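Undergrad: After the structure tokens below, expect a handful of questions from me.
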Amino acid sequence: MVLDVRDPASYARGHIAGAENASQEDLSFYLFETPKETPVVVCCYHGNSSQAYAKVFADMGFAQVYSLDGGYEAWAAAERAAATAAPALGAALSAFLVENGFPPGDVNAKDKTGATALMAAARLAPPELVKELLAAGADLHAINADGNQALWLACVGENVDNIRLLVEAGIDIGHVNLTGATALMFAASSGRAKAVAALLAAGADPAQETDLGLSALEMAATEECLTLMRAAARAKRG
């Protein structure tokens with residue numbers, strides 16, 4: 001039995017064949033209605049929360065319980081790699097990689113700050129190059145030394161097309177870095193209204209808080225950013 005504990009929308013976009021979408025509320029059903037000899041594989045986003053779920057099953061007497069290392073994202077990446085070899089990089093992308101200090105043959109190489117080519121492209125390049133990097137196997141969820149993903153860098157460059165593209169590709173719009181900040185918090189606090197608008201349109205939560213209890217709404221550096229987030233907050237409340 002494969003249990004996918006991701007949210008229903010992520011499950012609907014793609015899942016392991018035969019996997020059942022199980023929320024935390026469903027857990028008791030599987031724990032008490034499933035024979036203890038049934039092998040159980042738990043799958044989450046990146047292989048973190050699935051470990052906790054698997055421990056619950058093991059503690060309840062299930063003998064064969066496994067957490068999928070790397071989660072669904074790793075499984076999906078492996079499936080894509082197995083299905084087709086990565087396409088050869090175009091001349092424009094190869095030139096961009098070299099220009100920005102990345103080896104042209106490794107789309108997941110990192111520089112000294114932990115930044116990847118996808119992060120650089122998200123900030124500086126047109127969406128065509130970002131699409132090509134993703135098609136070639138660039139890690140959508142890689143983080144740099146500050147714990148930021150490519151979405152943050154797209155906001156640094158206020159590259160709205162790339163913000164939309166990364167969200168459509170499945171990047172975690174609510175990802176927090178090492179300081180507990182989201183991309184929306186950065187965009188709001190730096191007055192990048194176009195990035196704020198793009199993130200809100202994609203579903204970013206202006207009420208999400210840091211460990212200190214601060215939200216993007218409270219970090220707004222300009223009236224335009226504040227107005228955008230107040231409108232989004234009102235719409236969310238209905």
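In the structure tokens, the first chain shown is A, the next is B, and so on; residue numbers restart at 1 for each chain, and ligands run from 1 in the order shown.
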Residues near Asn100 (chain A), anyone? I mean within 8 Å using only C-alpha atoms, not counting same-chain ones fewer than 2 positions away, as a PyMOL selection string.
TA: chain A and resi 96-98+102+117+120
Undergrad: Go ahead and dump the residues you just picked, N, CA and C atoms, as a PDB file, in the first residue's frame.
TA:
ATOM      1  N   PHE A  96      24.762  31.126 -21.481  1.00  0.00           N
ATOM      2  CA  PHE A  96      24.320  31.719 -20.213  1.00  0.00           C
ATOM      3  C   PHE A  96      25.006  31.033 -19.036  1.00  0.00           C
ATOM      4  N   LEU A  97      25.108  29.708 -19.082  1.00  0.00           N
ATOM      5  CA  LEU A  97      25.748  28.969 -17.992  1.00  0.00           C
ATOM      6  C   LEU A  97      27.206  29.388 -17.843  1.00  0.00           C
ATOM      7  N   VAL A  98      27.919  29.420 -18.938  1.00  0.00           N
ATOM      8  CA  VAL A  98      29.338  29.787 -18.898  1.00  0.00           C
ATOM      9  C   VAL A  98      29.502  31.225 -18.413  1.00  0.00           C
ATOM     10  N   PHE A 102      28.856  28.672 -14.462  1.00  0.00           N
ATOM     11  CA  PHE A 102      28.423  27.287 -14.291  1.00  0.00           C
ATOM     12  C   PHE A 102      28.956  26.426 -15.434  1.00  0.00           C
ATOM     13  N   ALA A 117      22.215  27.100 -11.438  1.00  0.00           N
ATOM     14  CA  ALA A 117      21.949  27.793 -12.701  1.00  0.00           C
ATOM     15  C   ALA A 117      20.487  28.208 -12.799  1.00  0.00           C
ATOM     16  N   ALA A 120      20.038  31.475 -11.024  1.00  0.00           N
ATOM     17  CA  ALA A 120      20.561  32.584 -11.825  1.00  0.00           C
ATOM     18  C   ALA A 120      19.627  32.906 -12.984  1.00  0.00           C
TER      19      ALA A 120
END
Undergrad: Find the residues near region 43-50 of chain A: any atom within 6 Å, counting only C-alpha atoms, skip ones fewer than 6 places away on the same chain, and give them as a CSV table (one decimal) with N, CA and C atoms, in the first residue's frame.
TA:
chain,number,residue,atom,x,y,z
A,4,ASP,N,0.1,8.5,-0.1
A,4,ASP,CA,0.6,9.9,-0.5
A,4,ASP,C,0.0,10.9,0.4
A,5,VAL,N,0.8,11.5,1.3
A,5,VAL,CA,0.3,12.4,2.3
A,5,VAL,C,0.4,13.9,1.9
A,6,ARG,N,0.6,14.1,0.7
A,6,ARG,CA,0.6,15.5,0.2
A,6,ARG,C,-0.8,16.1,0.1
A,67,SER,N,9.5,4.9,4.3
A,67,SER,CA,9.4,6.3,3.9
A,67,SER,C,10.1,6.5,2.6
A,68,LEU,N,9.5,7.0,1.6
A,68,LEU,CA,10.1,7.2,0.3
A,68,LEU,C,11.2,8.3,0.3
A,69,ASP,N,12.4,8.0,0.3
A,69,ASP,CA,13.5,8.9,0.3
A,69,ASP,C,13.4,10.0,-0.8
A,70,GLY,N,13.4,11.2,-0.4
A,70,GLY,CA,13.3,12.3,-1.4
A,70,GLY,C,11.9,12.6,-1.8
A,71,GLY,N,10.9,11.8,-1.3
A,71,GLY,CA,9.5,12.1,-1.6
A,71,GLY,C,9.1,12.0,-3.0
A,72,TYR,N,7.9,12.5,-3.3
A,72,TYR,CA,7.4,12.3,-4.7
A,72,TYR,C,8.2,13.1,-5.7
Undergrad: Mind checking DSSP for region 40-226 of chain A and telling me the strand (DSSP E) residues as number ranges by chain?
TA: A: 40-43, 65-67
Undergrad: Taking 4 positions as the minimum chain separation for residues in the same chain, which residues sit within 8 Å of region 164-181 of chain A when counting only C-alpha atoms? Answer as an MDAnalysis selection string.
TA: chainID A and resid 127 131 140:141 146:151 160 185:186 198:199 202:205 210:211
Undergrad: Can you list, as a ChimeraX atom specification, every protein, DNA or RNA residue that comes within 12 Å of Ala136 (chain A) when you count only C-alpha atoms, leaving out same-chain residues fewer than 2 positions away?
TA: /A:77,80-81,84-90,93-94,104-108,117-118,129-134,138-140
Undergrad: Go ahead and write the residues just picked, C-alpha atoms, as a PDB file, in the first residue's frame.
TA:
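Saved as result.pdb:
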ATOM      1  CA  ALA A  77      12.511  13.218 -11.258  1.00  0.00           C
ATOM      2  CA  ARG A  80      11.488  11.536 -16.006  1.00  0.00           C
ATOM      3  CA  ALA A  81      15.170  10.694 -16.208  1.00  0.00           C
ATOM      4  CA  THR A  84      14.036  10.206 -21.647  1.00  0.00           C
ATOM      5  CA  ALA A  85      17.631  11.290 -21.606  1.00  0.00           C
ATOM      6  CA  ALA A  86      18.152  14.961 -20.871  1.00  0.00           C
ATOM      7  CA  PRO A  87      18.110  16.949 -24.116  1.00  0.00           C
ATOM      8  CA  ALA A  88      21.270  18.636 -25.312  1.00  0.00           C
ATOM      9  CA  LEU A  89      21.409  22.245 -24.168  1.00  0.00           C
ATOM     10  CA  GLY A  90      20.908  24.962 -26.737  1.00  0.00           C
ATOM     11  CA  LEU A  93      21.559  28.337 -22.524  1.00  0.00           C
ATOM     12  CA  SER A  94      25.096  26.980 -22.733  1.00  0.00           C
ATOM     13  CA  PRO A 104      27.743  23.913 -19.428  1.00  0.00           C
ATOM     14  CA  GLY A 105      27.260  20.187 -18.904  1.00  0.00           C
ATOM     15  CA  ASP A 106      25.806  20.218 -15.364  1.00  0.00           C
ATOM     16  CA  VAL A 107      22.453  21.943 -14.878  1.00  0.00           C
ATOM     17  CA  ASN A 108      22.544  21.307 -11.117  1.00  0.00           C
ATOM     18  CA  ALA A 117      21.949  27.793 -12.701  1.00  0.00           C
ATOM     19  CA  LEU A 118      18.166  27.729 -12.296  1.00  0.00           C
ATOM     20  CA  LEU A 129      15.953  29.438 -20.757  1.00  0.00           C
ATOM     21  CA  VAL A 130      14.265  28.603 -17.454  1.00  0.00           C
ATOM     22  CA  LYS A 131      11.974  26.155 -19.263  1.00  0.00           C
ATOM     23  CA  GLU A 132      14.977  24.583 -20.976  1.00  0.00           C
ATOM     24  CA  LEU A 133      16.798  24.160 -17.669  1.00  0.00           C
ATOM     25  CA  LEU A 134      13.781  22.462 -16.097  1.00  0.00           C
ATOM     26  CA  ALA A 138      17.377  21.274 -13.112  1.00  0.00           C
ATOM     27  CA  ASP A 139      16.326  20.774  -9.490  1.00  0.00           C
ATOM     28  CA  LEU A 140      13.289  22.971  -8.873  1.00  0.00           C
TER      29      LEU A 140
END
Undergrad: Of the residues A:Glu224, A:Asp161, A:Glu20, A:Asp59, which is the one nearest to Ser190 (chain A), using only C-alpha atoms?
TA: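 Among the listed residues, the smallest separation from Ser190 (chain A) belongs to A:Glu224.
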Undergrad: Of the residues A:Ala22, A:Ile143, A:Ala193, A:Ala63, which is the one nearest to Thr227 (chain A), using only C-alpha atoms?
TA: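 Comparing A:Ala22, A:Ile143, A:Ala193, A:Ala63 against Thr227 (chain A), the winner is A:Ala193.
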